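A.B. asks: This is my_file25.cif (mmCIF, C-alpha atoms).
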```
data_data
loop_
_atom_site.label_atom_id
_atom_site.label_comp_id
_atom_site.auth_asym_id
_atom_site.auth_seq_id
_atom_site.Cartn_x
_atom_site.Cartn_y
_atom_site.Cartn_z
CA MET A 1 4.78 -59.30 121.32
CA THR A 2 2.51 -58.51 118.39
CA THR A 3 -0.67 -60.20 117.33
CA ALA A 4 -1.61 -60.54 113.73
CA ALA A 5 -5.05 -59.30 112.84
CA THR A 6 -7.08 -61.87 111.07
CA THR A 7 -9.82 -60.99 108.67
CA PRO A 8 -12.74 -63.30 108.02
CA THR A 9 -12.75 -64.85 104.62
CA ARG A 10 -15.77 -65.98 102.70
CA THR A 11 -15.83 -69.74 102.60
CA GLY A 12 -18.56 -69.94 100.08
CA SER A 13 -20.44 -67.87 97.59
CA ARG A 14 -24.15 -67.19 97.66
CA LYS A 15 -26.09 -69.81 95.79
CA ARG A 16 -27.91 -68.71 92.69
CA TRP A 17 -31.61 -69.31 92.38
CA THR A 18 -32.55 -72.29 90.30
CA PRO A 19 -35.19 -71.92 87.56
CA SER A 20 -37.68 -73.92 89.65
CA GLN A 21 -37.20 -71.57 92.62
CA ILE A 22 -37.74 -68.54 90.40
CA VAL A 23 -40.93 -70.03 88.93
CA LEU A 24 -42.29 -70.96 92.37
CA THR A 25 -41.51 -67.50 93.75
CA LEU A 26 -43.24 -65.77 90.85
CA LEU A 27 -46.20 -68.12 91.15
CA GLY A 28 -46.46 -67.49 94.90
CA THR A 29 -46.28 -63.74 94.34
CA ALA A 30 -49.03 -63.89 91.72
CA VAL A 31 -51.31 -65.98 93.95
CA SER A 32 -50.70 -63.65 96.90
CA ALA A 33 -51.54 -60.63 94.75
CA VAL A 34 -54.81 -62.27 93.69
CA PHE A 35 -55.83 -62.76 97.33
CA VAL A 36 -54.63 -59.37 98.58
CA ALA A 37 -56.03 -57.28 95.70
CA PRO A 38 -59.71 -57.46 96.83
CA ILE A 39 -58.78 -56.35 100.36
CA VAL A 40 -56.75 -53.43 99.03
CA ALA A 41 -59.55 -52.48 96.62
CA ALA A 42 -62.12 -52.57 99.44
CA LEU A 43 -59.90 -50.42 101.67
CA LEU A 44 -59.32 -47.81 98.96
CA THR A 45 -63.02 -47.78 98.00
CA SER A 46 -64.01 -47.17 101.62
CA PHE A 47 -62.10 -43.87 101.50
CA LYS A 48 -63.95 -42.65 98.40
CA SER A 49 -67.14 -40.62 98.26
CA GLU A 50 -70.27 -42.57 97.33
CA ALA A 51 -70.43 -40.89 93.94
CA GLU A 52 -66.83 -41.74 93.16
CA ALA A 53 -67.24 -45.32 94.44
CA ALA A 54 -70.11 -45.89 91.99
CA GLU A 55 -68.24 -44.59 88.93
CA ILE A 56 -67.93 -46.83 85.88
CA PRO A 57 -65.24 -47.76 85.02
CA PRO A 58 -63.82 -47.80 88.54
CA HIS A 59 -60.33 -46.64 89.43
CA TRP A 60 -58.07 -47.75 92.25
CA LEU A 61 -56.97 -44.59 94.08
CA PRO A 62 -59.54 -42.09 95.39
CA GLU A 63 -59.42 -38.69 93.75
CA VAL A 64 -60.54 -37.14 97.04
CA TRP A 65 -59.74 -39.05 100.23
CA THR A 66 -62.61 -38.97 102.71
CA GLY A 67 -63.71 -40.95 105.76
CA GLN A 68 -67.38 -40.19 105.21
CA ALA A 69 -68.24 -43.84 104.57
CA TRP A 70 -66.75 -44.93 107.90
CA LYS A 71 -68.48 -42.09 109.73
CA ALA A 72 -71.83 -42.88 108.11
CA LEU A 73 -71.44 -46.58 108.93
CA PHE A 74 -71.06 -45.84 112.63
CA GLU A 75 -73.89 -43.30 112.56
CA THR A 76 -76.46 -45.42 110.72
CA GLY A 77 -75.66 -48.78 112.31
CA ASN A 78 -75.07 -50.14 115.78
CA ILE A 79 -71.60 -51.40 114.95
CA THR A 80 -70.42 -51.79 118.56
CA ASN A 81 -73.34 -54.01 119.56
CA TRP A 82 -73.05 -56.07 116.40
CA PHE A 83 -69.34 -56.60 116.97
CA VAL A 84 -69.88 -57.64 120.60
CA ASN A 85 -72.74 -59.97 119.60
CA SER A 86 -70.59 -61.67 116.98
CA LEU A 87 -67.74 -62.03 119.47
CA VAL A 88 -69.98 -63.49 122.19
CA VAL A 89 -71.68 -65.94 119.83
CA SER A 90 -68.45 -67.05 118.13
CA VAL A 91 -66.51 -67.52 121.39
CA CYS A 92 -69.34 -69.46 123.04
CA VAL A 93 -69.85 -71.66 119.97
CA THR A 94 -66.11 -72.34 119.76
CA ALA A 95 -65.85 -73.29 123.46
CA ILE A 96 -68.87 -75.63 123.34
CA VAL A 97 -67.75 -77.24 120.08
CA LEU A 98 -64.28 -77.93 121.48
CA VAL A 99 -65.73 -79.65 124.55
CA THR A 100 -68.40 -81.68 122.76
CA SER A 101 -66.22 -82.62 119.77
CA ALA A 102 -63.31 -83.71 121.96
CA LEU A 103 -65.54 -85.87 124.17
CA ALA A 104 -67.44 -87.37 121.25
CA GLY A 105 -64.31 -87.99 119.18
CA TYR A 106 -62.52 -89.67 122.09
CA GLY A 107 -65.58 -91.76 122.88
CA PHE A 108 -65.81 -93.05 119.32
CA ALA A 109 -62.06 -93.65 119.07
CA ARG A 110 -61.38 -95.39 122.37
CA THR A 111 -64.55 -96.86 123.88
CA GLU A 112 -66.80 -99.71 122.85
CA PHE A 113 -70.55 -99.49 123.43
CA ARG A 114 -73.75 -100.76 121.91
CA GLY A 115 -74.80 -98.81 118.85
CA LYS A 116 -71.37 -97.23 118.33
CA HIS A 117 -71.27 -97.91 114.58
CA ALA A 118 -74.83 -96.69 114.10
CA LEU A 119 -74.06 -93.42 115.91
CA MET A 120 -70.86 -93.03 113.90
CA GLY A 121 -72.95 -93.47 110.77
CA VAL A 122 -75.22 -90.65 111.94
CA VAL A 123 -72.17 -88.41 112.41
CA MET A 124 -70.90 -89.30 108.93
CA ALA A 125 -74.35 -88.58 107.50
CA GLY A 126 -74.11 -85.13 109.04
CA LEU A 127 -71.15 -84.45 106.76
CA MET A 128 -73.38 -84.92 103.72
CA ILE A 129 -76.32 -82.74 104.80
CA SER A 130 -76.25 -79.03 104.02
CA PRO A 131 -76.91 -76.78 107.03
CA ALA A 132 -79.46 -74.87 104.93
CA VAL A 133 -81.63 -78.01 104.74
CA LEU A 134 -81.87 -78.09 108.55
CA GLY A 135 -82.89 -74.43 108.82
CA VAL A 136 -86.66 -74.95 109.04
CA PRO A 137 -86.68 -77.85 111.56
CA LEU A 138 -84.04 -76.10 113.69
CA PHE A 139 -86.02 -72.87 113.69
CA THR A 140 -89.20 -74.75 114.67
CA THR A 141 -87.36 -76.40 117.55
CA VAL A 142 -85.81 -73.16 118.75
CA GLN A 143 -89.19 -71.42 118.52
CA GLN A 144 -90.90 -74.13 120.59
CA MET A 145 -88.17 -73.80 123.23
CA GLY A 146 -88.71 -70.03 123.41
CA MET A 147 -85.17 -69.15 122.33
CA VAL A 148 -85.98 -66.91 119.36
CA ASP A 149 -84.26 -63.52 119.67
CA THR A 150 -81.84 -64.84 122.31
CA TYR A 151 -78.12 -65.59 122.40
CA TRP A 152 -78.78 -69.27 123.10
CA GLY A 153 -81.00 -69.49 120.04
CA MET A 154 -78.06 -68.39 117.90
CA ILE A 155 -75.44 -70.43 119.76
CA LEU A 156 -76.81 -73.92 120.46
CA PRO A 157 -77.80 -74.97 116.89
CA GLN A 158 -74.21 -74.27 115.76
CA CYS A 159 -72.64 -76.49 118.44
CA ALA A 160 -72.82 -79.93 116.81
CA PRO A 161 -70.61 -79.85 113.69
CA ALA A 162 -70.04 -83.39 112.43
CA ALA A 163 -66.83 -82.39 110.64
CA MET A 164 -65.11 -81.33 113.88
CA VAL A 165 -66.10 -84.57 115.62
CA TYR A 166 -64.70 -86.56 112.72
CA ILE A 167 -61.42 -84.60 112.66
CA LEU A 168 -60.77 -85.23 116.36
CA TYR A 169 -61.96 -88.83 116.06
CA LYS A 170 -59.35 -89.53 113.38
CA PHE A 171 -56.66 -87.79 115.40
CA PHE A 172 -57.44 -89.74 118.57
CA GLN A 173 -57.24 -92.96 116.59
CA GLY A 174 -53.64 -92.11 115.72
CA ILE A 175 -52.51 -91.74 119.35
CA PRO A 176 -50.69 -94.92 120.49
CA ARG A 177 -52.80 -96.98 122.86
CA GLU A 178 -49.66 -97.90 124.81
CA LEU A 179 -49.66 -94.43 126.39
CA GLU A 180 -53.13 -94.98 127.82
CA GLU A 181 -52.42 -98.56 128.86
CA ALA A 182 -49.35 -97.44 130.81
CA ALA A 183 -51.46 -94.84 132.60
CA PHE A 184 -54.14 -97.44 133.38
CA ILE A 185 -51.50 -99.72 134.87
CA ASP A 186 -50.39 -96.83 137.11
CA GLY A 187 -53.94 -96.53 138.40
CA ALA A 188 -55.23 -93.63 136.30
CA GLY A 189 -58.88 -93.62 135.32
CA ARG A 190 -60.41 -92.87 131.95
CA TRP A 191 -61.08 -89.20 132.75
CA ARG A 192 -57.59 -88.62 134.11
CA VAL A 193 -56.06 -90.20 131.00
CA PHE A 194 -58.24 -88.00 128.83
CA PHE A 195 -57.31 -84.74 130.58
CA THR A 196 -53.63 -85.42 131.35
CA ILE A 197 -52.50 -87.40 128.29
CA ILE A 198 -54.93 -87.14 125.39
CA LEU A 199 -55.77 -83.43 125.50
CA PRO A 200 -52.13 -82.21 125.84
CA LEU A 201 -51.18 -84.34 122.83
CA SER A 202 -54.16 -82.97 120.90
CA ARG A 203 -53.37 -79.28 121.20
CA PRO A 204 -52.54 -78.78 117.48
CA SER A 205 -55.79 -80.41 116.37
CA LEU A 206 -57.81 -78.65 119.06
CA ALA A 207 -56.32 -75.33 117.96
CA ALA A 208 -57.27 -76.02 114.33
CA VAL A 209 -60.82 -77.06 115.29
CA GLY A 210 -61.19 -73.96 117.47
CA ILE A 211 -59.95 -71.59 114.76
CA PHE A 212 -62.09 -73.15 112.02
CA THR A 213 -65.16 -73.09 114.27
CA PHE A 214 -64.60 -69.45 115.22
CA ILE A 215 -64.23 -68.41 111.58
CA SER A 216 -67.32 -70.39 110.53
CA SER A 217 -69.45 -68.97 113.35
CA TRP A 218 -68.26 -65.40 112.74
CA ASN A 219 -69.13 -65.66 109.02
CA ASN A 220 -72.48 -67.38 109.60
CA PHE A 221 -75.17 -65.22 108.05
CA LEU A 222 -78.17 -67.49 107.46
CA TRP A 223 -78.89 -68.87 110.92
CA PRO A 224 -78.59 -65.62 112.95
CA TYR A 225 -80.68 -63.95 110.23
CA MET A 226 -83.41 -66.58 110.69
CA VAL A 227 -83.50 -66.67 114.47
CA THR A 228 -83.38 -62.98 115.42
CA ASN A 229 -85.10 -59.80 114.29
CA ASN A 230 -83.88 -57.69 117.20
CA PRO A 231 -81.36 -55.09 115.92
CA ASP A 232 -79.61 -55.17 119.30
CA LEU A 233 -78.87 -58.91 118.93
CA MET A 234 -77.75 -58.94 115.30
CA THR A 235 -74.27 -60.12 114.40
CA MET A 236 -71.90 -58.23 112.13
CA PRO A 237 -72.92 -59.89 108.81
CA ASN A 238 -76.64 -59.45 109.56
CA GLY A 239 -76.29 -55.90 110.85
CA ILE A 240 -74.29 -54.70 107.86
CA ALA A 241 -76.74 -56.35 105.46
CA THR A 242 -79.61 -54.58 107.24
CA VAL A 243 -77.95 -51.20 106.87
CA MET A 244 -77.36 -51.80 103.19
CA ASN A 245 -80.96 -52.90 102.64
CA SER A 246 -82.38 -49.91 104.53
CA TYR A 247 -80.32 -47.20 102.87
CA GLY A 248 -79.70 -48.72 99.45
CA ILE A 249 -76.38 -49.95 98.13
CA GLN A 250 -73.77 -47.49 99.29
CA TRP A 251 -70.59 -49.01 97.92
CA ALA A 252 -68.15 -47.11 100.09
CA GLN A 253 -70.10 -48.01 103.24
CA LEU A 254 -70.40 -51.60 102.04
CA MET A 255 -66.63 -51.87 101.68
CA ALA A 256 -66.07 -50.29 105.10
CA GLY A 257 -68.56 -52.66 106.70
CA GLY A 258 -66.99 -55.66 105.01
CA LEU A 259 -63.57 -54.67 106.32
CA MET A 260 -64.98 -54.24 109.83
CA ALA A 261 -66.56 -57.70 109.66
CA GLY A 262 -63.43 -59.32 108.27
CA LEU A 263 -60.90 -57.61 110.54
CA PRO A 264 -61.09 -60.19 113.38
CA LEU A 265 -60.63 -63.03 110.91
CA ILE A 266 -57.56 -61.35 109.42
CA VAL A 267 -56.13 -60.92 112.93
CA VAL A 268 -56.86 -64.58 113.75
CA PHE A 269 -55.10 -65.74 110.59
CA VAL A 270 -52.08 -63.48 111.05
CA PHE A 271 -51.45 -64.54 114.65
CA PHE A 272 -52.53 -68.19 114.42
CA GLN A 273 -51.45 -69.25 110.95
CA ARG A 274 -48.84 -71.64 112.40
CA GLN A 275 -51.50 -73.30 114.54
CA ILE A 276 -53.77 -73.61 111.50
CA VAL A 277 -51.07 -75.31 109.42
CA ALA A 278 -49.93 -77.52 112.31
CA GLY A 279 -53.51 -78.46 113.12
CA VAL A 280 -54.29 -79.49 109.55
CA ALA A 281 -51.07 -81.52 109.44
CA HIS A 282 -51.98 -83.33 112.68
CA THR A 283 -55.68 -83.94 112.16
CA GLY A 284 -55.04 -87.53 111.12
CA LEU A 285 -56.71 -86.99 107.74
CA ALA A 286 -53.51 -87.22 105.67
CA GLY A 287 -53.40 -90.41 103.70
CA GLN A 288 -56.90 -91.48 104.74
#
```
With the file now loaded, output its structure as structure tokens.
C.D. replies:
Amino acid sequence: MTTAATTPTRTGSRKRWTPSQIVLTLLGTAVSAVFVAPIVAALLTSFKSEAEAAEIPPHWLPEVWTGQAWKALFETGNITNWFVNSLVVSVCVTAIVLVTSALAGYGFARTEFRGKHALMGVVMAGLMISPAVLGVPLFTTVQQMGMVDTYWGMILPQCAPAAMVYILYKFFQGIPRELEEAAFIDGAGRWRVFFTIILPLSRPSLAAVGIFTFISSWNNFLWPYMVTNNPDLMTMPNGIATVMNSYGIQWAQLMAGGLMAGLPLIVVFVFFQRQIVAGVAHTGLAGQ
């Protein structure tokens, strides 16, 4: 008994790209190159000597590759402390913002109390006020509380972002009330409903709020600069700016410092880009 060998046959040919797909691909490549080019330029500049980095006109590739800028950055600045300070401040701010924004957003979305609309108006007004305008009164308050040159002085004033409260408020409004009513009928209380039903459904929005808050706190230059003069408590943006001001503009060191400060944000985006997109899609702001 013999068996006939069968060979797979192609049932279809590969589809050709349409003109619209080609245009979109080229457009996406061009946009990506625009965003990636500054990072590549900063990386290449950081491996140049200071004299070569200051040449006009500049050129992309270093003529002599050297790590002197990175070595000088670690020697002249307290990079490790600045990195740890930024991490501590950003993580604490993110954790507090998630708790306060979730509670406030759920309270506005699901509970009725006297003065609710007035308080919501205050939150909405916070969206229209620049943080720079609040710098002087916030600093006066922090100074009177004795929190200048402390972690709490840098953390607490960043923990009431109106935008994050509004994002979660709109998301909670979109959750069907029937889910909560069924839990109430089963004997669950308000807190149990919040922790066992609302929060699990809100993970995409909570992830987006957490990521945006972390990025904003990490990049915050003005407030930590105002509230601390202690070099051991400076964050990465403030510490790098201090080094540049003390030793003049050293372009290679400046590029190295910028890459060090931006590295955590790049890592966050690379590993959490799906959460960012999903969070924006589920914030409840679409179509509002």
A.B. asks: Interatomic distance between atom CA of A:Thr76 and atom CA of A:Ala256?
C.D. replies: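 Between atom CA of A:Thr76 and atom CA of A:Ala256 the gap is 12.8 Å.
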A.B. asks: Residues near A:Trp82, anyone? I mean within 8 Å using only C-alpha atoms, not counting same-chain ones fewer than 6 positions away, as a ChimeraX atom specification.
C.D. replies: /A:232-236,239
A.B. asks: Please provide the set of residues having any atom within 12 Å of A:Met120, restricted to only C-alpha atoms, with same-chain residues fewer than 4 positions apart removed, written as number ranges by chain.
C.D. replies: A: 104-105, 107-109, 112-116, 124-127, 162-163, 165-166, 169
A.B. asks: Could the residues in this selection be saved with C-alpha atoms as a compact mmCIF listing (two decimals), in the coordinates of the input?
C.D. replies:
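File produced: again25.txt:
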```
# COMPACT_ATOMS: atom_id res chain seq x y z
CA ALA A 104 -67.44 -87.37 121.25
CA GLY A 105 -64.31 -87.99 119.18
CA GLY A 107 -65.58 -91.76 122.88
CA PHE A 108 -65.81 -93.05 119.32
CA ALA A 109 -62.06 -93.65 119.07
CA GLU A 112 -66.80 -99.71 122.85
CA PHE A 113 -70.55 -99.49 123.43
CA ARG A 114 -73.75 -100.76 121.91
CA GLY A 115 -74.80 -98.81 118.85
CA LYS A 116 -71.37 -97.23 118.33
CA MET A 124 -70.90 -89.30 108.93
CA ALA A 125 -74.35 -88.58 107.50
CA GLY A 126 -74.11 -85.13 109.04
CA LEU A 127 -71.15 -84.45 106.76
CA ALA A 162 -70.04 -83.39 112.43
CA ALA A 163 -66.83 -82.39 110.64
CA VAL A 165 -66.10 -84.57 115.62
CA TYR A 166 -64.70 -86.56 112.72
CA TYR A 169 -61.96 -88.83 116.06
```
A.B. asks: List as a list in words the protein and nucleic acid residues near stretch 176-178 of chain A, meaning an atom at most 12 Å away when all atoms listed in the file are counted, but skip any in the same chain fewer than 6 places from it.
C.D. replies: Ala109, Arg110, Thr111, Phe184, Ile185, Val193, Ile197, Ile198 and Leu201 of chain A
A.B. asks: Using all atoms listed in the file, what residues lie at most 10 Å away from (-83.0, -69.5, 121.1) (file coordinates), given as a count of residues only?
C.D. replies: 21
A.B. asks: Could you produce a table of the residues of stretch 171-286 of chain A lying within 7 Å of stretch 42-64 of chain A, with the nearest pair of atoms per residue and their separation in Å rounded to one decimal, using all atoms listed in the file, ordered by chain and increasing residue number, as JSON lines?
C.D. replies:
```
{"residue": "A:Gln250", "atom": "CA", "partner": "A:Glu50", "partner_atom": "CA", "distance": 6.3}
{"residue": "A:Trp251", "atom": "CA", "partner": "A:Ala53", "partner_atom": "CA", "distance": 6.1}
{"residue": "A:Ala252", "atom": "CA", "partner": "A:Ser46", "partner_atom": "CA", "distance": 4.4}
{"residue": "A:Gln253", "atom": "CA", "partner": "A:Ser46", "partner_atom": "CA", "distance": 6.4}
{"residue": "A:Met255", "atom": "CA", "partner": "A:Ala42", "partner_atom": "CA", "distance": 5.1}
{"residue": "A:Ala256", "atom": "CA", "partner": "A:Ser46", "partner_atom": "CA", "distance": 5.1}
```
A.B. asks: Please write as a list in words the full residue list that the PyMOL selection byres ((chain A and resi 218-225) around 7) yields on this file.
C.D. replies: Ser86, Ser90, Met154, Phe214, Ile215, Ser216, Ser217, Met226, Val227, Thr228, Pro237 and Asn238 of chain A
A.B. asks: Pull stretch 169-181 of chain A out of the block and emit all heavy atoms, as a compact mmCIF listing (two decimals), in the first residue's frame.
C.D. replies:
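Saved file selection29.txt follows:
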```
# COMPACT_ATOMS: atom_id res chain seq x y z
N TYR A 169 -13.66 60.97 36.78
CA TYR A 169 -15.08 61.32 36.96
C TYR A 169 -15.89 60.97 35.71
O TYR A 169 -16.96 60.36 35.79
CB TYR A 169 -15.19 62.81 37.29
CG TYR A 169 -16.54 63.42 37.07
CD1 TYR A 169 -17.62 63.10 37.91
CD2 TYR A 169 -16.76 64.32 36.02
CE1 TYR A 169 -18.87 63.67 37.70
CE2 TYR A 169 -18.00 64.89 35.82
CZ TYR A 169 -19.05 64.57 36.66
OH TYR A 169 -20.29 65.12 36.46
N LYS A 170 -15.38 61.32 34.54
CA LYS A 170 -16.08 61.01 33.30
C LYS A 170 -16.12 59.51 33.05
O LYS A 170 -17.12 58.98 32.53
CB LYS A 170 -15.41 61.73 32.13
CG LYS A 170 -15.45 63.24 32.21
CD LYS A 170 -16.86 63.76 32.29
CE LYS A 170 -17.65 63.54 31.01
NZ LYS A 170 -19.01 64.13 31.07
N PHE A 171 -15.07 58.80 33.43
CA PHE A 171 -15.07 57.36 33.23
C PHE A 171 -16.09 56.69 34.16
O PHE A 171 -16.85 55.80 33.74
CB PHE A 171 -13.69 56.78 33.50
CG PHE A 171 -13.64 55.28 33.36
CD1 PHE A 171 -13.50 54.70 32.11
CD2 PHE A 171 -13.74 54.46 34.46
CE1 PHE A 171 -13.48 53.32 31.96
CE2 PHE A 171 -13.71 53.08 34.33
CZ PHE A 171 -13.57 52.51 33.08
N PHE A 172 -16.12 57.09 35.40
CA PHE A 172 -17.07 56.50 36.35
C PHE A 172 -18.51 56.76 35.94
O PHE A 172 -19.39 55.93 36.19
CB PHE A 172 -16.83 57.04 37.77
CG PHE A 172 -15.53 56.60 38.37
CD1 PHE A 172 -14.83 57.42 39.24
CD2 PHE A 172 -15.00 55.35 38.08
CE1 PHE A 172 -13.63 57.02 39.80
CE2 PHE A 172 -13.79 54.94 38.63
CZ PHE A 172 -13.11 55.77 39.49
N GLN A 173 -18.76 57.89 35.31
CA GLN A 173 -20.10 58.18 34.83
C GLN A 173 -20.54 57.19 33.75
O GLN A 173 -21.73 56.92 33.60
CB GLN A 173 -20.18 59.60 34.27
CG GLN A 173 -20.39 60.67 35.31
CD GLN A 173 -20.71 62.01 34.69
OE1 GLN A 173 -20.19 62.35 33.62
NE2 GLN A 173 -21.56 62.80 35.33
N GLY A 174 -19.59 56.64 33.01
CA GLY A 174 -19.92 55.70 31.94
C GLY A 174 -20.13 54.28 32.40
O GLY A 174 -20.55 53.43 31.61
N ILE A 175 -19.84 53.97 33.66
CA ILE A 175 -20.07 52.61 34.18
C ILE A 175 -21.55 52.43 34.46
O ILE A 175 -22.16 53.27 35.14
CB ILE A 175 -19.24 52.37 35.45
CG1 ILE A 175 -17.75 52.46 35.14
CG2 ILE A 175 -19.58 51.01 36.08
CD1 ILE A 175 -16.86 52.27 36.34
N PRO A 176 -22.19 51.37 33.97
CA PRO A 176 -23.63 51.17 34.20
C PRO A 176 -23.96 51.11 35.68
O PRO A 176 -23.31 50.40 36.46
CB PRO A 176 -23.92 49.83 33.51
CG PRO A 176 -22.81 49.66 32.51
CD PRO A 176 -21.62 50.31 33.12
N ARG A 177 -24.98 51.85 36.08
CA ARG A 177 -25.40 51.85 37.47
C ARG A 177 -26.00 50.51 37.89
O ARG A 177 -26.05 50.19 39.08
CB ARG A 177 -26.43 52.96 37.71
CG ARG A 177 -25.84 54.37 37.63
CD ARG A 177 -26.90 55.42 37.91
NE ARG A 177 -26.35 56.76 37.88
CZ ARG A 177 -25.89 57.40 38.95
NH1 ARG A 177 -25.93 56.78 40.12
NH2 ARG A 177 -25.42 58.62 38.86
N GLU A 178 -26.47 49.72 36.91
CA GLU A 178 -27.08 48.44 37.24
C GLU A 178 -26.11 47.51 37.96
O GLU A 178 -26.52 46.70 38.80
CB GLU A 178 -27.60 47.76 35.96
CG GLU A 178 -28.81 48.42 35.32
CD GLU A 178 -28.45 49.68 34.54
OE1 GLU A 178 -27.23 49.94 34.39
OE2 GLU A 178 -29.37 50.38 34.09
N LEU A 179 -24.80 47.62 37.63
CA LEU A 179 -23.81 46.78 38.31
C LEU A 179 -23.76 47.10 39.80
O LEU A 179 -23.71 46.20 40.64
CB LEU A 179 -22.43 46.99 37.68
CG LEU A 179 -22.28 46.58 36.21
CD1 LEU A 179 -20.90 46.96 35.69
CD2 LEU A 179 -22.50 45.08 36.06
N GLU A 180 -23.80 48.37 40.13
CA GLU A 180 -23.77 48.76 41.54
C GLU A 180 -25.09 48.41 42.23
O GLU A 180 -25.09 47.96 43.39
CB GLU A 180 -23.50 50.26 41.65
CG GLU A 180 -22.14 50.67 41.09
CD GLU A 180 -21.99 52.17 41.01
OE1 GLU A 180 -21.63 52.76 42.04
OE2 GLU A 180 -22.22 52.74 39.94
N GLU A 181 -26.20 48.64 41.55
CA GLU A 181 -27.49 48.35 42.16
C GLU A 181 -27.64 46.86 42.47
O GLU A 181 -28.19 46.48 43.51
CB GLU A 181 -28.62 48.81 41.24
CG GLU A 181 -28.68 50.32 41.08
CD GLU A 181 -29.66 50.77 40.02
OE1 GLU A 181 -30.23 49.87 39.34
OE2 GLU A 181 -29.85 51.99 39.84
```
